[in-house]
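Peer 1: Take a look at the following structure, please.
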Amino acid sequence: MAREFTSVGVVGLGTMGAGIVEVFARNGIDVVAVEISATAVERGRVTLTGSTDRAVAKGKLAEADRDALLARVDWQVGLDALHSVDLVIEAVPEHLDLKQRIFAELDRVCKPEAILATNTSSLSVTEISVATTRPNQVIGIHFFNPAPVMKLVEVVRTVVTSADVVVDVEALCERLGKVDVTISDRAGFIANALLFGYLNHAVSMFESRYATREDIDAAMKLGCGLPMGPLALMDLIGLDTAYEILDTMYRRGGRDRRHAPVPLIKQMVTAGLLGRKSGRGFYTYERPGSPVVVTDEHTPVTTGAALADGARAIAKVGIVGSGTMATGIIEVFAKAGYEVISVTRGAEKSAKVCEAVKTSLNKGVVRGKLSEEDRDAALGRVTWSATLDHLADVDLVVEAVVEELSVKKALFASLDEICKPGVVLATTTSSLPVIDVAMATQRPADVIGLHFFNPAPIMPLVEIVQTIRTSAETSATARAVCAALGKTGVVCGDRSGFIVNALLFPYLNDAVKMLEASYSTADDIDYAMKLGCGYPMGPFELLDVVGLDVSLAIQRELYLELREPGFAPAPLLEHLVTAGYLGRKSGRGFRDHTKR
Ligand SMILES: NC(=O)c1ccc[n+]([C@@H]2O[C@H](COP(=O)([O-])OP(=O)(O)OC[C@H]3O[C@@H](n4cnc5c(N)ncnc54)[C@H](O)[C@@H]3O)[C@@H](O)[C@H]2O)c1
């Protein structure tokens with residue numbers, strides 16, 4: 001017979017604990033909520049009332065239901081109050097000795113049949129369990145932040161957890177309206193093992209001034225559709241908690257340097273910059289606990305006038321290339337009112353590109369997003385040419401030809417001969433060093449990367465890649481152009497993968513390694529990232545869409561440039577590519593797409 005859970009205890013009412021109390025109380029379960037002091041209890045109570053009041057204000061919870069929910073919670077100081085609950089979830093800070101002490105105490109206080117669960121993100125559930133006399137009744141129930149919102153729960157069974165305890169906890173998760181994935185006891189489980197290397201890498205980009213906090217976050221939100229950027233997420237998690245998780249993962253997870261906490265994190269924790277909970281972390285918040293970001297001394301000025309400061313005037317734009325990116329970029333510039341000269345390698349190619357641009361613009365008209373006049377005006381702004389000489393008087397050239405360094409270098413050398421002085425020369429390369437292209441000209445200060453995302457007319461992000469030779473004026477011009485195109489331009493240095501690919505692909509590669517190690521299934525890993533972290537697609541879904549060959553090539557570049565052992569491509573990824581399983585485009589990748 002399945003266990004009945006009528007009352008549960010929650011220990012620690014911080015970021016996670018207060019949310020976990022809400023999850024249980026919302027689902028009709030009585031909660032004994034425990035903290036170390038009356039002040040801490042009060043803080044937890046304020047968090048819960050704040051959250052439920054917001055739900056009422058948004059019409060998501062009836063007032064009577066809120067009152068009933070709050071009445072189910074018994075606020076207490078000290079563990080003794082937990083003597084008759086059926087299950088306890090511990091959510092105190094991420095320190096093994098603290099958790100072990102609490103579990104030993106819970107073992108003494110709680111009734112013999114009670115299940116003792118930890119919400120740890122990275123510590124060994126097994127090590128916590130052996131502090132009790134009932135390790136078979138100890139389990140991990142890992143909620144995601146914010147607990148009332150995120151659907152995923154990772155249920156962590158150790159080698160000694162009883163099968164019936166696992167089944168009962170799985171049933172409880174279902175009753176709470178959560179989706180559970182049950183896994184064994186490894187550092188970081190599924191989601192954090194894939195998430196924290198990425199978060200730490202993003203912090204290192206910020207620490208080394210590779211890009212600003214706003215640009216790193218905007219890049220991942222707009223380039224990958226993530227619900228929040230990595231630095232905003234660090235603030236939500238709490239920098240102290242994130243530090244402990246990274247530190248534990250580093251020590252437990254094979255000393256992967258990518259998990260060694262970036263020094264800045266420790267410095268911020270020492271300085272009391274813990275994120276939202278202390279009112280300041282990477283960003284500054286209205287007050288402690290508030291999600292509202294306020295401007296501070298690091299907030300960039302983004303008004304049109306300031307953006308255009310020092311920028312050159314751009315009216316006429318040359319776009320070189322005839323592929324998907326060039327086609328999309330022509331449309332973007334023409335729609336934004338620029339005079340465009342498209343240059344391809346022949347009249348036939350020009351006709352094809354022209355047709356593709358027309359088709360795309362017509363789609364906009366059919367969907368009601370563009371008027372017929374605007375379509376005609378946009379098309380009227382484009383001149384079609386098959387000779388570079390027509391670029392003699394443009395103000396900006398955007399190169400989007402094949403991703404081969406020799407081809408791009410030759411093209412830039414020609415542009416250098418043809419174009420008037422003062423032209424900004426931009427490359428859309430996604431993986432080649434922009435400096436190599438710049439040095440093919442006599443004017444490297446005027447060369448910059450403008451990395452558009454596919455499809456260019458839809459994706460709102462452009463990575464603006466500055467080399468060590470790019471002038472401030474060229475950068476300012478690129479920023480002003482992106483703004484005029486209605487795109488968010490994020491500025492970064494000239495390193496492999498820029499921001500988005502450098503942060504995205506190692507995470508995808510890690511997911512492949514996790515699958516290869518048989519820790520979990522592709523479905524559960526995809527679920528974990530979608531339901532635990534709010535990603536629009538799981539890693540295997542995304543790999544199949546991007547193409548396994550493309551992903552492998554990018555990962556190889558990252559590995560070669562940074563020589564980071566953790567970036568070595570997963571052997572399984574290499575084998576799938578060798579076998580011709582390239583993803584959707586070949587009908588099979590991690591999944592078989594021929595049957596759907
Ligand atoms: N923050 C996240 O995003 C997140 C997500 C999932 C899991 N977790 C895990 O949840 C746990 C809690 O993390 P958090 O971020 O909520 O931490 P937190 O610092 O926000 O809250 C911890 C709370 O525990 C209380 N506490 C400390 N000692 C106690 C004791 N002896 N008895 C009772 N209460 C005590 C503290 O007063 C504090 O309110 C950690 O194991 C963490 O890894 C965190």
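Just remember, in the structure tokens the first chain shown is A, the second B, etc., residues are 1-based per chain, and ligands are 1-based in the order shown.
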Return as a PDB file with C-alpha atoms, in the first residue's frame every polymer residue, whether protein, DNA or RNA, with at least one atom no more than 6 Å from an atom of ligand 1; count only C-alpha atoms and all ligand atoms.

Peer 2:
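Okay, part-v3.pdb is ready:
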ATOM      1  CA  VAL A  11      13.622  22.593   7.192  1.00  0.00           C
ATOM      2  CA  GLY A  12      15.188  25.875   6.084  1.00  0.00           C
ATOM      3  CA  LEU A  13      12.906  28.543   4.613  1.00  0.00           C
ATOM      4  CA  GLY A  14      15.296  30.404   2.315  1.00  0.00           C
ATOM      5  CA  THR A  15      15.187  30.668  -1.469  1.00  0.00           C
ATOM      6  CA  MET A  16      14.097  27.061  -1.926  1.00  0.00           C
ATOM      7  CA  GLY A  17      12.454  26.126   1.382  1.00  0.00           C
ATOM      8  CA  VAL A  34      11.049  25.045  10.482  1.00  0.00           C
ATOM      9  CA  GLU A  35      13.891  27.547  10.790  1.00  0.00           C
ATOM     10  CA  ILE A  36      16.686  28.326  13.220  1.00  0.00           C
ATOM     11  CA  ALA A  40      14.243  33.477   9.956  1.00  0.00           C
ATOM     12  CA  ALA A  91      16.604  22.878   2.380  1.00  0.00           C
ATOM     13  CA  VAL A  92      19.382  24.390   4.482  1.00  0.00           C
ATOM     14  CA  PRO A  93      22.622  25.776   2.987  1.00  0.00           C
ATOM     15  CA  GLU A  94      24.699  23.467   0.832  1.00  0.00           C
ATOM     16  CA  ASN A 119      16.877  19.141  -1.546  1.00  0.00           C
ATOM     17  CA  THR A 120      20.643  19.219  -2.052  1.00  0.00           C
ATOM     18  CA  SER A 121      21.794  20.237  -5.520  1.00  0.00           C
ATOM     19  CA  HIS A 142      15.510  18.126  -5.834  1.00  0.00           C
ATOM     20  CA  PHE A 143      13.119  20.946  -6.639  1.00  0.00           C
ATOM     21  CA  PHE A 144      13.966  23.714  -9.083  1.00  0.00           C
ATOM     22  CA  ASN A 145      13.916  27.418  -8.487  1.00  0.00           C
ATOM     23  CA  ILE A 237      20.039  30.892  -7.414  1.00  0.00           C
ATOM     24  CA  GLY A 238      22.087  32.903  -4.909  1.00  0.00           C
ATOM     25  CA  THR A 241      24.552  28.549  -3.012  1.00  0.00           C
TER      26      THR A 241
END

Peer 1: Could you tell me, as a PyMOL selection string, which residues of range 455-589 of chain A DSSP assigns to strand (DSSP E or B) when given the backbone?

Peer 2: chain A and resi 461-466+488-493+583+588

Peer 1: Keeping only N, CA, C and O atoms, write the selected residues as a PDB file, in the first residue's frame.

Peer 2:
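part_27.pdb written:
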ATOM      1  N   LEU A 461      18.989  38.882 -32.381  1.00  0.00           N
ATOM      2  CA  LEU A 461      20.340  39.091 -31.844  1.00  0.00           C
ATOM      3  C   LEU A 461      21.399  39.230 -32.937  1.00  0.00           C
ATOM      4  O   LEU A 461      21.349  38.546 -33.950  1.00  0.00           O
ATOM      5  N   VAL A 462      22.359  40.135 -32.689  1.00  0.00           N
ATOM      6  CA  VAL A 462      23.573  40.194 -33.512  1.00  0.00           C
ATOM      7  C   VAL A 462      24.764  40.299 -32.562  1.00  0.00           C
ATOM      8  O   VAL A 462      24.776  41.160 -31.679  1.00  0.00           O
ATOM      9  N   GLU A 463      25.738  39.408 -32.725  1.00  0.00           N
ATOM     10  CA  GLU A 463      26.956  39.529 -31.933  1.00  0.00           C
ATOM     11  C   GLU A 463      27.918  40.446 -32.697  1.00  0.00           C
ATOM     12  O   GLU A 463      28.221  40.206 -33.865  1.00  0.00           O
ATOM     13  N   ILE A 464      28.365  41.493 -32.016  1.00  0.00           N
ATOM     14  CA  ILE A 464      29.299  42.443 -32.617  1.00  0.00           C
ATOM     15  C   ILE A 464      30.690  42.062 -32.111  1.00  0.00           C
ATOM     16  O   ILE A 464      30.970  42.172 -30.918  1.00  0.00           O
ATOM     17  N   VAL A 465      31.524  41.584 -33.021  1.00  0.00           N
ATOM     18  CA  VAL A 465      32.799  41.015 -32.589  1.00  0.00           C
ATOM     19  C   VAL A 465      33.948  41.982 -32.863  1.00  0.00           C
ATOM     20  O   VAL A 465      34.273  42.265 -34.020  1.00  0.00           O
ATOM     21  N   GLN A 466      34.543  42.475 -31.793  1.00  0.00           N
ATOM     22  CA  GLN A 466      35.664  43.415 -31.918  1.00  0.00           C
ATOM     23  C   GLN A 466      36.972  42.660 -31.869  1.00  0.00           C
ATOM     24  O   GLN A 466      37.192  41.869 -30.971  1.00  0.00           O
ATOM     25  N   THR A 488      19.163  43.545 -31.274  1.00  0.00           N
ATOM     26  CA  THR A 488      19.970  43.774 -30.084  1.00  0.00           C
ATOM     27  C   THR A 488      21.398  43.374 -30.424  1.00  0.00           C
ATOM     28  O   THR A 488      21.673  42.214 -30.721  1.00  0.00           O
ATOM     29  N   GLY A 489      22.286  44.346 -30.425  1.00  0.00           N
ATOM     30  CA  GLY A 489      23.689  44.057 -30.705  1.00  0.00           C
ATOM     31  C   GLY A 489      24.422  43.832 -29.386  1.00  0.00           C
ATOM     32  O   GLY A 489      24.331  44.658 -28.488  1.00  0.00           O
ATOM     33  N   VAL A 490      25.094  42.701 -29.253  1.00  0.00           N
ATOM     34  CA  VAL A 490      25.896  42.473 -28.051  1.00  0.00           C
ATOM     35  C   VAL A 490      27.362  42.476 -28.465  1.00  0.00           C
ATOM     36  O   VAL A 490      27.728  41.887 -29.479  1.00  0.00           O
ATOM     37  N   VAL A 491      28.171  43.162 -27.688  1.00  0.00           N
ATOM     38  CA  VAL A 491      29.570  43.331 -28.069  1.00  0.00           C
ATOM     39  C   VAL A 491      30.440  42.308 -27.337  1.00  0.00           C
ATOM     40  O   VAL A 491      30.278  42.112 -26.133  1.00  0.00           O
ATOM     41  N   CYS A 492      31.317  41.643 -28.073  1.00  0.00           N
ATOM     42  CA  CYS A 492      32.205  40.693 -27.403  1.00  0.00           C
ATOM     43  C   CYS A 492      33.548  40.664 -28.109  1.00  0.00           C
ATOM     44  O   CYS A 492      33.743  41.300 -29.139  1.00  0.00           O
ATOM     45  N   GLY A 493      34.483  39.942 -27.508  1.00  0.00           N
ATOM     46  CA  GLY A 493      35.819  39.818 -28.072  1.00  0.00           C
ATOM     47  C   GLY A 493      35.858  38.759 -29.162  1.00  0.00           C
ATOM     48  O   GLY A 493      34.871  38.056 -29.411  1.00  0.00           O
ATOM     49  N   GLY A 583      21.138  14.255 -37.640  1.00  0.00           N
ATOM     50  CA  GLY A 583      20.003  14.997 -37.089  1.00  0.00           C
ATOM     51  C   GLY A 583      18.850  14.998 -38.063  1.00  0.00           C
ATOM     52  O   GLY A 583      18.768  14.140 -38.945  1.00  0.00           O
ATOM     53  N   ARG A 588      17.946  11.038 -39.188  1.00  0.00           N
ATOM     54  CA  ARG A 588      18.257  10.420 -37.905  1.00  0.00           C
ATOM     55  C   ARG A 588      19.432  11.107 -37.243  1.00  0.00           C
ATOM     56  O   ARG A 588      20.418  11.438 -37.905  1.00  0.00           O
TER      57      ARG A 588
END

Peer 1: Using DSSP assignments from the backbone, pull out every residue in range 282-505 of chain A that falls under helix (DSSP H, G or I) and give it to me as a PyMOL selection string.

Peer 2: chain A and resi 304-307+324-335+347-366+372-380+388-391+405-418+434-438+444-446+472-484+500-505

Peer 1: Given only C-alpha atoms as the basis, pick out the residue of A:Arg257, A:Arg556, A:Arg186, A:Lys487 nearest to Val159 in chain A.

Peer 2: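 The answer is A:Arg186, which sits nearest to Val159 in chain A.
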
Peer 1: Can you work out which one of A:Gly486, A:Gly534, A:Thr594, A:Trp384 has the shortest atom-to-atom distance to Leu233 in chain A, counting only C-alpha atoms?

Peer 2: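 Closest to Leu233 in chain A of all the choices is A:Gly534.
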
Peer 1: Using only C-alpha atoms, determine which residues lie at most 9 Å from range 440-457 of chain A, disregarding the query and same-chain residues fewer than 3 positions distant; provide the list as a PDB file with C-alpha atoms, in the first residue's frame.

Peer 2:
ATOM      1  CA  GLY A 223      20.197  33.704 -29.200  1.00  0.00           C
ATOM      2  CA  THR A 324      20.727  31.698 -46.494  1.00  0.00           C
ATOM      3  CA  MET A 325      22.435  34.282 -44.324  1.00  0.00           C
ATOM      4  CA  ALA A 326      23.133  36.776 -47.127  1.00  0.00           C
ATOM      5  CA  THR A 327      19.514  36.483 -48.297  1.00  0.00           C
ATOM      6  CA  GLY A 328      18.148  37.144 -44.823  1.00  0.00           C
ATOM      7  CA  ILE A 329      20.548  40.025 -44.209  1.00  0.00           C
ATOM      8  CA  GLU A 331      15.972  41.631 -46.349  1.00  0.00           C
ATOM      9  CA  VAL A 332      16.827  42.997 -42.902  1.00  0.00           C
ATOM     10  CA  VAL A 398      28.550  42.802 -44.819  1.00  0.00           C
ATOM     11  CA  LYS A 408      37.026  35.299 -46.861  1.00  0.00           C
ATOM     12  CA  LYS A 409      40.599  36.597 -46.777  1.00  0.00           C
ATOM     13  CA  ALA A 410      40.733  36.901 -50.560  1.00  0.00           C
ATOM     14  CA  LEU A 411      37.414  38.710 -50.543  1.00  0.00           C
ATOM     15  CA  PHE A 412      38.538  41.183 -47.873  1.00  0.00           C
ATOM     16  CA  ALA A 413      41.757  41.855 -49.782  1.00  0.00           C
ATOM     17  CA  SER A 414      39.635  42.741 -52.822  1.00  0.00           C
ATOM     18  CA  LEU A 415      37.280  44.899 -50.756  1.00  0.00           C
ATOM     19  CA  ASP A 416      40.324  46.734 -49.442  1.00  0.00           C
ATOM     20  CA  GLU A 417      41.275  47.662 -53.011  1.00  0.00           C
ATOM     21  CA  PRO A 421      38.255  54.935 -47.197  1.00  0.00           C
ATOM     22  CA  GLY A 422      36.200  54.952 -44.005  1.00  0.00           C
ATOM     23  CA  VAL A 423      33.973  52.020 -44.969  1.00  0.00           C
ATOM     24  CA  VAL A 424      33.131  49.562 -42.208  1.00  0.00           C
ATOM     25  CA  LEU A 425      33.914  46.036 -43.378  1.00  0.00           C
ATOM     26  CA  ALA A 426      31.966  43.369 -41.522  1.00  0.00           C
ATOM     27  CA  THR A 427      32.124  39.590 -41.624  1.00  0.00           C
ATOM     28  CA  THR A 428      29.272  37.322 -40.530  1.00  0.00           C
ATOM     29  CA  THR A 429      31.597  34.418 -39.741  1.00  0.00           C
ATOM     30  CA  SER A 430      30.393  32.233 -36.894  1.00  0.00           C
ATOM     31  CA  VAL A 434      37.783  38.006 -37.289  1.00  0.00           C
ATOM     32  CA  ILE A 435      41.357  39.237 -36.871  1.00  0.00           C
ATOM     33  CA  ASP A 436      42.534  36.879 -39.646  1.00  0.00           C
ATOM     34  CA  VAL A 437      40.038  38.457 -42.003  1.00  0.00           C
ATOM     35  CA  PRO A 460      16.664  39.560 -32.738  1.00  0.00           C
ATOM     36  CA  LEU A 461      20.340  39.091 -31.844  1.00  0.00           C
ATOM     37  CA  VAL A 462      23.573  40.194 -33.512  1.00  0.00           C
ATOM     38  CA  GLU A 463      26.956  39.529 -31.933  1.00  0.00           C
ATOM     39  CA  ILE A 464      29.299  42.443 -32.617  1.00  0.00           C
ATOM     40  CA  VAL A 465      32.799  41.015 -32.589  1.00  0.00           C
ATOM     41  CA  GLN A 466      35.664  43.415 -31.918  1.00  0.00           C
ATOM     42  CA  THR A 467      39.196  42.363 -32.707  1.00  0.00           C
ATOM     43  CA  ILE A 468      42.195  43.843 -30.941  1.00  0.00           C
ATOM     44  CA  ARG A 469      42.577  46.149 -33.967  1.00  0.00           C
ATOM     45  CA  THR A 470      38.942  47.300 -34.297  1.00  0.00           C
ATOM     46  CA  SER A 471      38.580  51.055 -33.696  1.00  0.00           C
ATOM     47  CA  ALA A 472      36.085  52.527 -31.260  1.00  0.00           C
ATOM     48  CA  GLU A 473      34.465  54.334 -34.180  1.00  0.00           C
ATOM     49  CA  THR A 474      33.913  51.091 -36.086  1.00  0.00           C
ATOM     50  CA  SER A 475      32.380  49.526 -32.971  1.00  0.00           C
ATOM     51  CA  ALA A 478      28.216  48.609 -35.719  1.00  0.00           C
ATOM     52  CA  CYS A 482      22.227  47.045 -35.158  1.00  0.00           C
ATOM     53  CA  GLY A 489      23.689  44.057 -30.705  1.00  0.00           C
ATOM     54  CA  ASP A 494      37.197  37.804 -30.960  1.00  0.00           C
ATOM     55  CA  PHE A 498      31.836  34.486 -29.429  1.00  0.00           C
TER      56      PHE A 498
END
